[in-house]
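Participant: Submitted below is the structure of interest, expressed as structure tokens.
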Amino acid sequence: MKREITITINGEPYTATVEYRLLLVDFIREVAGLTGTHVGCSVEGRCGACTVIVDGKAVKSCMLLAVQADGAQVMTIEGLARGDQLHPIQDGFWEKHGLQCGFCTPGLLMTLYEFLKTPKHSDEEIRAAMSGVLCRCTGYVHIVEAVKHAIAKVEAMTPEERKVWFPQ
Amino acid sequence: MPNVVNPWVGQSLKRKEDRRLIIGDGQYLPDLVLPRMVIMGLVRSIHAHAKITKIDTAKAAALPGVSAVITGDEFATWDSILSDLSTPNLPGETKRPVYWPLARGEVKYVGDPIVAVVARDKYTLEDALELVDIDYDPLPVVVDPEQALQPDAPRLYPEWGDNVLYHQHITAGDASAAFAQADVVLSERFRCHRTGGQPMETRGCLATYNPAEGMTLWLTTQRPHIQRHLLAEYLKIPHDKLRVIMPKDMGGAFGTKAPLYREEMIACHLAMKLRRPVKWVETRRESLMNVGQGRDQIHQIELALKKDGTILAVRDKILADCGDARTAIYVGFAMPFLGAMYLINGYDIPVVDIDLTCVVTNKASLTPSRAFGSFAGRFAIDRIVELAANALKMDPVQIRLKNAIKTFPHVSAVGVNVDSGDFPGAFAKACTALQYEQFRTEQAEAWKQGRYLGVGFCMGVEISGVPSEVLVPMERQPGFGVATVQFDAHGKVQVAEGDSPHGQGHETTIAQAVADELGISPEDVYVTYGDTHSGPFSAGTIGSRGASYTLSAAVLAARALRPKMSRIASHLLRVEAAEDEFEFRDGHVFLTRDPTKRVPIKQIAEVALLSPTALPPGMEAGLEHTSHFEAQVAGMHSCNVHAAMVEVFPDTGAFKILRYVAVDDAGAPINPMVVRGQVHGGVAMGIGNACFEEFLYDENGQQLTTTLMDYHLPSALDLPYIETIEHNVPSPHTPLGSKGKGEGTPGMVPAALANAIEDALRPFNVKITQLPLTPERIWKLIQEAKRK
């Protein structure tokens, strides 16, 4: 069973005729060729490396069929920066050594993108926000620091800047 | 020595590799695509031990989009995988399993690959895998290592006559005499469960072949050169016709990507057979069934002490469950062997008697996992020392200080060389951080209020690279670090290293070190790796050898370029000056006695490469050097102390880690931020392994933990803030004093936590002898203690 669908990823529409069983993550990686989104647990929904933003919400793209996202606005790690300017969460990860192998990083960045829209501040709340994504390298200590770095930047933004950095 | 003021080494520079990784431009194995590429998958055994009575592949082969379905028969003309090249050459009695890339006739564990299917995409592949029909005749199963030793136990390899894979008796001094003289003897049995690695990226490969150029294999591996060396033998391809490449990025490994596995052999074979690129990406389920299963040991350990706490001798009967042991290079027993050699670790114990028995069972083979063999042993030794402290009513810190290695260099009773370190200093920092003395008062007060707080310590030495003296017999590989440093025509410096970093930060740390040697910026240094056809031969990224061996090779290679650069500068400046009369800094070569005379380093590179007519007469063009670094000592180490402070809740057995303090020795850190990251990650893996993670099998050998829901990797909520404190003692054997960091770190954790929990529960007088440290296990110990 196949159907033609259109999914807009990082502002660019991708139209393809796909099998119903095609996962959204495979649409992103194989149809759109955006390989920044990773698969870490082979569709168990536990590792979170495949997390993307769908219509403003962070979702695990291995848990959704591509046809379910027909017509949706999707944002992936490739859509975070504005030209050479990094998103505050990317900047935080770089400044605070929030990554080692980088494999879980796309999922963490997209999960934390959603969190940063209405950030909370305690370590416990930051850790809770990222607990859906597993990292095996860092022990999360530097990631918490990266998030705090990003929170400070986001809270200093003007409403106009917020619109630029949080389009959905 | 370099005559520059070091501006880069020691700085916490942001990592160069991060720029691509935070914008989604990493290049991992699953991202690779080639024209005409097909996807491989495997049908694996559902039985732990069985004869295969029928394999029906017809339906799968007939499915549109399927290009091949093969069974073990395909490899009937192959020699068994394990050869002399791929088996450790250790002293002791060794046996060797006979096996092929796909099972032939019999399966030995749940997950054993039986049929390989190749299809045009992974969805078609899934359909085809389900159409393969296999009949089994189940055989008796052995999943318990002690049962495996029984005379009537089922045999994995009947030709052996028993299930003993490896046996080694390691002795130093007269144990019987030492135990006879002891004031106190302690004896305990410790069980460390099956746990270990599990990187976030699973294994995978992409093989492509043509007869003229041969095979190119992209592989998730820590050691491309070694895999090429072995694969050439198995595939019977000339070495020059086999190129192995670790992709630019790899999602962690932690030891699990050090062995050569059957899957890449199958993919290579199919690429040759089909003349199409064949890609395989392991599923998480397959990963949990096959790799990262480590530890899994029983220690029957005895300690002989004097009344004053001096340890006279240790005796340990170690039984290691190696699973089916069918893993090239390690064969299941290399890890327990090294663990036995490192049992006494940071303790200066003169008399040792270790009997190591490694058995095979119907479980997945042990594979290397960060801390290599020393996780279970570290638990056993630091637990029995804790019990000794209790028996002698000594403070746990004092008993450790009394028996810790005091003078360096130190050669342990079993011959492990520990080059440098400072245990008293490390303990002092840990105790200060914890306000240890004050804590004892708070603890007593808390007990009165029905709260249970405790503190626990672990101390130990961590390998800083593995020398050739150890690696040659253990893995038939050299231990040297190697790097080629070469200027390009634009004055930038390429460092081609032999290792294959995948998160350790070499692109940054090696750039920092080389920049200092040459007086340039790390921005002008780029590090390349991973391709057997463009980098020097080396053992790969293993055993914390990056900052110790590989970086040292890069430093020496860069240093070796300076005399030639000085001669070119002297020629261009038209001054008479010896090679050592120049300084390298700020991107220039300066004449020391008259710094107004200087040449940009970029210009020197241009002369050496683009306009060699300007070189001094007779000088060879080019500016490059390769160095092989081997420490002039049979082992380098760092000495560390970790401490945990916990609160235990006796009603449930749950506990909370209130503080975790890691005092670590990185010699002279190249990039302190990167070192902290290594310690954080190592402690996190140690906590995960010690508390949450366990590979479980039922009595039939069925694997029960094949999803991340069952094999619980810790999330951010499961882990405490990890405090890192530097206590650095520069290595006397590396050019910059640097030491490797990260490999041994998880081994510190289980004893530190168990000691802390036991300390908190002193009013109940419990004794922890088993891992993992689950609330259920702790609750049961409390209930048993209450009944006594």
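Chain lettering (A, B, ...) mirrors the order of the structure tokens, residue numbering begins at 1 for each chain separately, and ligand numbering begins at 1 in order of display.
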Could you produce a table of the residues of chain A lying within 8 Å of chain B, with the nearest pair of atoms per residue and their separation in Å rounded to one decimal, using only C-alpha atoms, ordered by chain and increasing residue number, as CSV?

Facilitator:
```
residue,atom,partner,partner_atom,distance
A:Thr35,CA,B:Asp31,CA,5.9
A:Gly36,CA,B:Gly24,CA,3.9
A:Thr37,CA,B:Gly24,CA,7.2
A:Val39,CA,B:Glu201,CA,7.7
A:Gly40,CA,B:Met200,CA,5.5
A:Cys41,CA,B:Arg284,CA,4.9
A:Ser42,CA,B:Thr283,CA,5.5
A:Glu44,CA,B:Thr707,CA,7.3
A:Arg46,CA,B:Leu708,CA,6.4
A:Cys47,CA,B:Leu708,CA,7.5
A:Ile77,CA,B:Gly24,CA,5.6
A:Glu78,CA,B:Gly24,CA,5.5
A:Leu80,CA,B:Ile23,CA,7.4
A:Ala81,CA,B:Ile23,CA,7.2
A:Gln90,CA,B:Ile22,CA,5.8
A:Phe93,CA,B:Ile22,CA,7.6
A:Trp94,CA,B:Asp18,CA,6.3
A:Glu95,CA,B:Lys14,CA,6.1
A:Lys96,CA,B:Lys14,CA,7.8
A:His97,CA,B:Lys14,CA,7.0
A:Leu99,CA,B:Asp18,CA,7.6
A:Gln100,CA,B:Gly503,CA,4.2
A:Cys101,CA,B:Gly503,CA,3.7
A:Gly102,CA,B:Leu21,CA,5.7
A:Phe103,CA,B:Gly251,CA,4.8
A:Cys104,CA,B:Met200,CA,6.8
A:Thr105,CA,B:Ile22,CA,6.9
A:Pro106,CA,B:Gly24,CA,6.8
A:Glu124,CA,B:Leu717,CA,7.3
A:Arg127,CA,B:Ala716,CA,5.1
A:Ala128,CA,B:Leu717,CA,6.0
A:Met130,CA,B:Ala716,CA,6.7
A:Ser131,CA,B:Ser715,CA,5.2
A:Gly132,CA,B:Ser715,CA,7.4
A:Val133,CA,B:Ser715,CA,7.2
A:Leu134,CA,B:Ser715,CA,5.6
A:Cys135,CA,B:Met200,CA,7.0
A:Arg136,CA,B:Pro199,CA,6.2
A:Cys137,CA,B:Gly681,CA,4.8
A:Thr138,CA,B:Gly681,CA,4.4
A:Gly139,CA,B:Gly681,CA,4.6
A:Tyr140,CA,B:Ala716,CA,5.9
A:Val141,CA,B:Tyr721,CA,6.2
A:His142,CA,B:Gly677,CA,7.4
```

Participant: Could you take the residues named above and write them with C-alpha atoms, as a PDB file, in the first residue's frame?

Facilitator:
```pdb
ATOM      1  CA  THR A  35      21.178  11.999   7.888  1.00  0.00           C
ATOM      2  CA  GLY A  36      21.683  14.222  10.924  1.00  0.00           C
ATOM      3  CA  THR A  37      18.755  12.397  12.561  1.00  0.00           C
ATOM      4  CA  VAL A  39      18.617   5.639  14.755  1.00  0.00           C
ATOM      5  CA  GLY A  40      20.044   4.209  17.963  1.00  0.00           C
ATOM      6  CA  CYS A  41      17.577   1.605  19.169  1.00  0.00           C
ATOM      7  CA  SER A  42      15.984   0.377  15.959  1.00  0.00           C
ATOM      8  CA  GLU A  44      12.031   0.770  20.241  1.00  0.00           C
ATOM      9  CA  ARG A  46      13.833   4.304  23.951  1.00  0.00           C
ATOM     10  CA  CYS A  47      17.116   5.887  22.886  1.00  0.00           C
ATOM     11  CA  ILE A  77      19.077  19.180  13.620  1.00  0.00           C
ATOM     12  CA  GLU A  78      19.942  20.536  10.171  1.00  0.00           C
ATOM     13  CA  LEU A  80      18.553  24.642  13.964  1.00  0.00           C
ATOM     14  CA  ALA A  81      21.285  27.038  12.837  1.00  0.00           C
ATOM     15  CA  GLN A  90      24.095  24.069  19.687  1.00  0.00           C
ATOM     16  CA  PHE A  93      26.804  21.939  23.606  1.00  0.00           C
ATOM     17  CA  TRP A  94      29.940  23.199  21.890  1.00  0.00           C
ATOM     18  CA  GLU A  95      30.997  25.571  24.670  1.00  0.00           C
ATOM     19  CA  LYS A  96      30.438  23.091  27.496  1.00  0.00           C
ATOM     20  CA  HIS A  97      31.607  19.880  25.807  1.00  0.00           C
ATOM     21  CA  LEU A  99      28.976  15.718  23.331  1.00  0.00           C
ATOM     22  CA  GLN A 100      31.636  13.128  22.707  1.00  0.00           C
ATOM     23  CA  CYS A 101      30.763  10.667  19.925  1.00  0.00           C
ATOM     24  CA  GLY A 102      27.882  12.886  18.792  1.00  0.00           C
ATOM     25  CA  PHE A 103      25.468  10.067  17.979  1.00  0.00           C
ATOM     26  CA  CYS A 104      22.752  10.953  20.513  1.00  0.00           C
ATOM     27  CA  THR A 105      23.349  14.687  20.035  1.00  0.00           C
ATOM     28  CA  PRO A 106      20.669  15.273  17.360  1.00  0.00           C
ATOM     29  CA  GLU A 124      16.408  18.032  38.289  1.00  0.00           C
ATOM     30  CA  ARG A 127      17.585  16.233  33.669  1.00  0.00           C
ATOM     31  CA  ALA A 128      13.912  15.265  33.540  1.00  0.00           C
ATOM     32  CA  MET A 130      16.285  15.134  28.618  1.00  0.00           C
ATOM     33  CA  SER A 131      15.577  11.754  30.193  1.00  0.00           C
ATOM     34  CA  GLY A 132      13.942  10.486  26.997  1.00  0.00           C
ATOM     35  CA  VAL A 133      17.277  10.546  25.186  1.00  0.00           C
ATOM     36  CA  LEU A 134      20.127   8.259  26.167  1.00  0.00           C
ATOM     37  CA  CYS A 135      23.756   9.301  26.057  1.00  0.00           C
ATOM     38  CA  ARG A 136      26.464   6.729  26.756  1.00  0.00           C
ATOM     39  CA  CYS A 137      29.513   8.993  26.609  1.00  0.00           C
ATOM     40  CA  THR A 138      29.073  12.048  28.805  1.00  0.00           C
ATOM     41  CA  GLY A 139      27.332  11.045  32.011  1.00  0.00           C
ATOM     42  CA  TYR A 140      25.130  14.098  31.241  1.00  0.00           C
ATOM     43  CA  VAL A 141      27.133  16.442  33.506  1.00  0.00           C
ATOM     44  CA  HIS A 142      28.370  18.677  30.709  1.00  0.00           C
TER      45      HIS A 142
END
```

Participant: For Leu112 (chain A), please output as number ranges by chain all residues within 12 Å (counting only C-alpha atoms; exclusion window: fewer than 2 positions along the same chain).

Facilitator: A: 48, 51-53, 57-59, 77, 80, 87-90, 92-93, 105-110, 114-120, 125-133, 143-144, 146-148, 150-151, 154, 166

Participant: Could you write out that same residue set with C-alpha atoms as a PDB file, in the first residue's frame?

Facilitator:
```pdb
ATOM      1  CA  GLY A  48      15.688   9.129  21.513  1.00  0.00           C
ATOM      2  CA  THR A  51      13.912  12.935  18.040  1.00  0.00           C
ATOM      3  CA  VAL A  52      12.700  15.734  15.743  1.00  0.00           C
ATOM      4  CA  ILE A  53      10.186  18.552  16.030  1.00  0.00           C
ATOM      5  CA  LYS A  57       6.434  19.148  19.482  1.00  0.00           C
ATOM      6  CA  ALA A  58       9.457  16.934  20.057  1.00  0.00           C
ATOM      7  CA  VAL A  59       8.663  13.413  18.859  1.00  0.00           C
ATOM      8  CA  ILE A  77      19.077  19.180  13.620  1.00  0.00           C
ATOM      9  CA  LEU A  80      18.553  24.642  13.964  1.00  0.00           C
ATOM     10  CA  HIS A  87      21.227  28.006  17.796  1.00  0.00           C
ATOM     11  CA  PRO A  88      21.810  28.673  21.526  1.00  0.00           C
ATOM     12  CA  ILE A  89      21.461  24.971  22.296  1.00  0.00           C
ATOM     13  CA  GLN A  90      24.095  24.069  19.687  1.00  0.00           C
ATOM     14  CA  GLY A  92      25.843  25.479  24.604  1.00  0.00           C
ATOM     15  CA  PHE A  93      26.804  21.939  23.606  1.00  0.00           C
ATOM     16  CA  THR A 105      23.349  14.687  20.035  1.00  0.00           C
ATOM     17  CA  PRO A 106      20.669  15.273  17.360  1.00  0.00           C
ATOM     18  CA  GLY A 107      18.021  13.777  19.639  1.00  0.00           C
ATOM     19  CA  LEU A 108      19.179  15.772  22.630  1.00  0.00           C
ATOM     20  CA  LEU A 109      19.340  19.035  20.707  1.00  0.00           C
ATOM     21  CA  MET A 110      15.815  18.640  19.353  1.00  0.00           C
ATOM     22  CA  GLU A 114      11.345  22.152  22.802  1.00  0.00           C
ATOM     23  CA  PHE A 115      12.346  22.503  26.471  1.00  0.00           C
ATOM     24  CA  LEU A 116      14.013  25.873  25.824  1.00  0.00           C
ATOM     25  CA  LYS A 117      10.774  27.386  24.567  1.00  0.00           C
ATOM     26  CA  THR A 118       9.615  27.434  28.206  1.00  0.00           C
ATOM     27  CA  PRO A 119      12.735  26.512  30.134  1.00  0.00           C
ATOM     28  CA  LYS A 120      12.865  25.430  33.764  1.00  0.00           C
ATOM     29  CA  GLU A 125      14.055  19.707  35.803  1.00  0.00           C
ATOM     30  CA  ILE A 126      16.743  19.877  33.134  1.00  0.00           C
ATOM     31  CA  ARG A 127      17.585  16.233  33.669  1.00  0.00           C
ATOM     32  CA  ALA A 128      13.912  15.265  33.540  1.00  0.00           C
ATOM     33  CA  ALA A 129      13.523  17.133  30.275  1.00  0.00           C
ATOM     34  CA  MET A 130      16.285  15.134  28.618  1.00  0.00           C
ATOM     35  CA  SER A 131      15.577  11.754  30.193  1.00  0.00           C
ATOM     36  CA  GLY A 132      13.942  10.486  26.997  1.00  0.00           C
ATOM     37  CA  VAL A 133      17.277  10.546  25.186  1.00  0.00           C
ATOM     38  CA  ILE A 143      25.006  18.491  28.974  1.00  0.00           C
ATOM     39  CA  VAL A 144      23.318  20.021  32.017  1.00  0.00           C
ATOM     40  CA  ALA A 146      25.248  23.204  28.127  1.00  0.00           C
ATOM     41  CA  VAL A 147      21.534  23.607  28.767  1.00  0.00           C
ATOM     42  CA  LYS A 148      22.137  26.249  31.430  1.00  0.00           C
ATOM     43  CA  ALA A 150      21.580  28.000  26.439  1.00  0.00           C
ATOM     44  CA  ILE A 151      18.877  29.046  28.919  1.00  0.00           C
ATOM     45  CA  VAL A 154      17.399  32.330  25.338  1.00  0.00           C
ATOM     46  CA  PHE A 166      12.035  29.161  17.740  1.00  0.00           C
TER      47      PHE A 166
END
```

Participant: Would you mind writing down, as an MDAnalysis selection string, each residue of chain A that DSSP on the backbone assigns to helix (DSSP H, G or I)?

Facilitator: chainID A and resid 24:31 66:69 77:79 88:95 105:117 123:129 141:155 159:165

Participant: For region 525-538 of chain B, list every protein, DNA or RNA residue within 7 Å, evaluated using only C-alpha atoms, and leave out those in the same chain fewer than 3 positions away; present the list as a ChimeraX atom specification.

Facilitator: /B:224-225,243-247,481-483,492-500,507,511,515,522

Participant: Which residue out of B:Leu85, B:Met265, B:Met341, B:Met335 has the minimum interatomic distance to Asp316 (chain B) when only C-alpha atoms are used?

Facilitator: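 Distance minimum relative to Asp316 (chain B) lands on B:Met341.
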